[in-house]
$ cat model.txt   # compact mmCIF, C-alpha atoms
# COMPACT_ATOMS: atom_id res chain seq x y z
CA MET A 1 92.70 110.17 101.93
CA LEU A 2 91.95 111.10 105.52
CA VAL A 3 90.24 109.20 108.29
CA LEU A 4 88.70 111.73 110.67
CA GLU A 5 87.06 111.80 114.05
CA GLU A 6 83.32 111.88 113.43
CA GLU A 7 82.73 115.20 115.17
CA ALA A 8 85.25 116.93 112.86
CA LEU A 9 82.71 117.18 110.05
CA THR A 10 80.10 119.80 110.78
CA SER A 11 78.86 120.72 107.30
CA PRO A 12 78.56 119.07 103.88
CA ASP A 13 80.34 122.11 102.40
CA GLN A 14 83.29 121.89 104.81
CA THR A 15 86.69 121.97 103.09
CA ARG A 16 89.01 122.06 106.13
CA VAL A 17 89.37 120.16 109.36
CA PRO A 18 91.75 120.69 112.27
CA ALA A 19 94.84 118.49 112.15
CA ALA A 20 93.97 117.18 115.61
CA ALA A 21 90.85 115.58 114.12
CA VAL A 22 92.86 113.51 111.62
CA VAL A 23 93.16 109.91 112.79
CA LEU A 24 95.04 108.71 109.70
CA ALA A 25 96.42 110.33 106.55
CA VAL A 26 97.08 108.14 103.52
CA GLU A 27 99.01 109.33 100.46
CA VAL A 28 99.39 107.41 97.21
CA VAL A 29 102.74 108.20 95.60
CA SER A 30 102.69 109.16 91.95
CA PRO A 31 105.70 109.64 89.67
CA ASP A 32 105.30 113.41 90.04
CA SER A 33 105.10 113.37 93.84
CA VAL A 34 107.65 110.72 94.81
CA SER A 35 110.33 113.04 96.25
CA ARG A 36 107.81 115.27 98.03
CA ASP A 37 105.92 112.30 99.50
CA ARG A 38 109.07 110.50 100.66
CA GLU A 39 111.06 113.46 101.97
CA THR A 40 108.69 116.07 103.35
CA LYS A 41 105.25 114.61 103.99
CA PRO A 42 106.11 112.44 107.03
CA LEU A 43 107.70 115.43 108.76
CA LYS A 44 104.80 117.76 107.89
CA TYR A 45 102.22 115.33 109.24
CA ALA A 46 104.20 114.74 112.44
CA ARG A 47 104.64 118.48 113.03
CA ALA A 48 100.90 118.98 112.53
CA GLY A 49 100.23 116.41 115.23
CA ILE A 50 98.81 113.74 112.93
CA ALA A 51 99.68 110.48 114.64
CA HIS A 52 99.36 108.05 111.75
CA TYR A 53 100.57 108.49 108.16
CA TRP A 54 100.68 105.77 105.51
CA ARG A 55 102.47 106.16 102.19
CA VAL A 56 101.30 103.78 99.46
CA GLU A 57 103.76 103.02 96.66
CA ASP A 58 104.04 100.87 93.56
CA GLU A 59 107.08 98.60 93.87
CA LYS A 60 107.51 96.68 90.61
CA GLY A 61 103.75 96.35 90.19
CA LEU A 62 103.09 95.41 93.82
CA THR A 63 101.45 97.58 96.44
CA VAL A 64 103.70 98.54 99.36
CA VAL A 65 102.58 100.54 102.39
CA HIS A 66 105.05 102.51 104.53
CA ALA A 67 103.58 103.36 107.94
CA PHE A 68 104.80 106.26 110.09
CA GLU A 69 104.09 107.63 113.56
CA PRO A 70 105.71 110.41 115.60
CA GLU A 71 108.40 109.17 118.00
CA PRO A 72 106.97 109.80 121.49
CA THR A 73 109.91 111.61 123.11
CA THR A 74 111.03 113.82 120.22
CA GLY A 75 107.94 114.02 118.00
CA ALA A 76 110.11 113.18 114.99
CA CYS A 77 108.39 111.03 112.41
CA THR A 78 109.58 107.45 112.40
CA SER A 79 108.81 104.37 110.33
CA VAL A 80 106.79 101.75 112.18
CA GLY A 81 106.63 99.28 109.32
CA ILE A 82 106.90 98.52 105.64
CA PHE A 83 104.20 96.16 104.48
CA ARG A 84 104.47 94.23 101.22
CA GLU A 85 102.19 91.19 101.10
CA ARG A 86 100.08 91.66 104.20
CA MET A 87 99.38 94.70 106.34
CA LYS A 88 98.25 93.77 109.83
CA VAL A 89 98.13 96.66 112.30
CA SER A 90 96.38 97.49 115.54
CA ALA A 91 96.71 101.28 115.36
CA PRO A 92 95.05 103.59 114.61
CA PHE A 93 92.47 100.76 114.35
CA PRO A 94 92.73 97.00 113.85
CA MET A 95 93.15 96.03 110.22
CA ASP A 96 94.36 92.99 108.30
CA LEU A 97 94.76 93.67 104.58
CA ASP A 98 95.99 91.32 101.86
CA LEU A 99 98.16 93.68 99.80
CA THR A 100 98.61 91.05 97.07
CA ALA A 101 94.92 91.59 96.25
CA VAL A 102 95.50 95.33 95.76
CA ARG A 103 96.80 96.07 92.29
CA ALA A 104 99.35 98.85 92.13
CA ARG A 105 98.60 101.38 89.41
CA ARG A 106 101.07 103.50 87.56
CA GLY A 107 100.27 107.13 86.66
CA GLY A 108 96.76 107.31 85.20
CA GLU A 109 96.08 103.62 84.56
$ encode --input "model.txt" --output "structure tokens"
Amino acid sequence: MLVLEEEALTSPDQTRVPAAAVVLAVEVVSPDSVSRDRETKPLKYARAGIAHYWRVEDEKGLTVVHAFEPEPTTGACTSVGIFRERMKVSAPFPMDLDLTAVRARRGGE
């Protein structure tokens, strides 16, 4: 899932947007994508200039969100939080989410 700047969408048929228009990228980890999502995605998003990346995982039936942002001086992707029961953030926009109300789903459920 992507959260985009409004002006990034110019057509209902549009299939691409510039990375600079991505405010937030959210990936839900599946059993088939776990190594790719954990090892390479944060770096790819940071290199593309996407400032906020959240990785959503199932941890023993509970929803866990790992939040990442580029480190300002080096641009390397760094963890800014791991949220288990409650996710309260101010960036990229204010949000307070009860993660206990979000049911984690395993492959295809």
$ atom_distance --input "model.txt" --atom1 "CA of Pro18 in chain A" --atom2 "CA of Val3 in chain A"
12.3 Å
$ residues_around --input "model.txt" --residues "Lys41 in chain A" --least-positions-apart "4" --cutoff "10 Å" --atoms "all atoms listed in the file" --output "list in words"
Glu27, Ser35, Arg36, Asp37, Tyr45, Ala46, Arg47, Tyr53, Arg55 and Cys77 of chain A
$ closest_residue --input "model.txt" --among "A:Arg86, A:Arg38, A:Arg16, A:Lys44" --to "Leu2 in chain A" --atoms "only C-alpha atoms"
A:Arg16
$ closest_residue --input "model.txt" --among "A:Val34, A:Val89, A:Ala76, A:Ala48" --to "Ala21 in chain A" --atoms "all atoms listed in the file"
A:Ala48
$ atom_distance --input "model.txt" --atom1 "CA of Met1 in chain A" --atom2 "CA of Ser90 in chain A"
19.0 Å
$ closest_residue --input "model.txt" --among "A:Pro42, A:Val22, A:Ser33, A:His52" --to "Glu69 in chain A" --atoms "only C-alpha atoms"
A:His52
$ atom_distance --input "model.txt" --atom1 "CA of Asp98 in chain A" --atom2 "CA of Val28 in chain A"
17.1 Å
$ closest_residue --input "model.txt" --among "A:Pro70, A:Gly61, A:Val80, A:Pro92" --to "Leu4 in chain A" --atoms "all atoms listed in the file"
A:Pro92
$ closest_residue --input "model.txt" --among "A:Ser30, A:Gln14, A:Val102, A:Ala25" --to "Phe68 in chain A" --atoms "only C-alpha atoms"
A:Ala25
$ residues_near_point --input "model.txt" --point "(106.0, 99.8, 109.5)" --cutoff "7 Å" --atoms "all atoms listed in the file" --output "PyMOL selection string"
chain A and resi 66-68+79-83
$ residues_around --input "model.txt" --residues "range 95-97 of chain A" --least-positions-apart "6" --cutoff "12 Å" --atoms "only C-alpha atoms" --output "number ranges by chain"
A: 63-65, 83-89
$ write_last_selection --input "model.txt" --atoms "C-alpha atoms" --output "JSON list (two decimals), keeping the file's coordinate frame"
[["chain", "number", "residue", "atom", "x", "y", "z"],
["A", 63, "THR", "CA", 101.45, 97.58, 96.44],
["A", 64, "VAL", "CA", 103.70, 98.54, 99.36],
["A", 65, "VAL", "CA", 102.58, 100.54, 102.39],
["A", 83, "PHE", "CA", 104.20, 96.16, 104.48],
["A", 84, "ARG", "CA", 104.47, 94.23, 101.22],
["A", 85, "GLU", "CA", 102.19, 91.19, 101.10],
["A", 86, "ARG", "CA", 100.08, 91.66, 104.20],
["A", 87, "MET", "CA", 99.38, 94.70, 106.34],
["A", 88, "LYS", "CA", 98.25, 93.77, 109.83],
["A", 89, "VAL", "CA", 98.13, 96.66, 112.30]]
$ closest_residue --input "model.txt" --among "A:Phe93, A:Thr74, A:Trp54, A:Ala8" --to "Val26 in chain A" --atoms "only C-alpha atoms"
A:Trp54
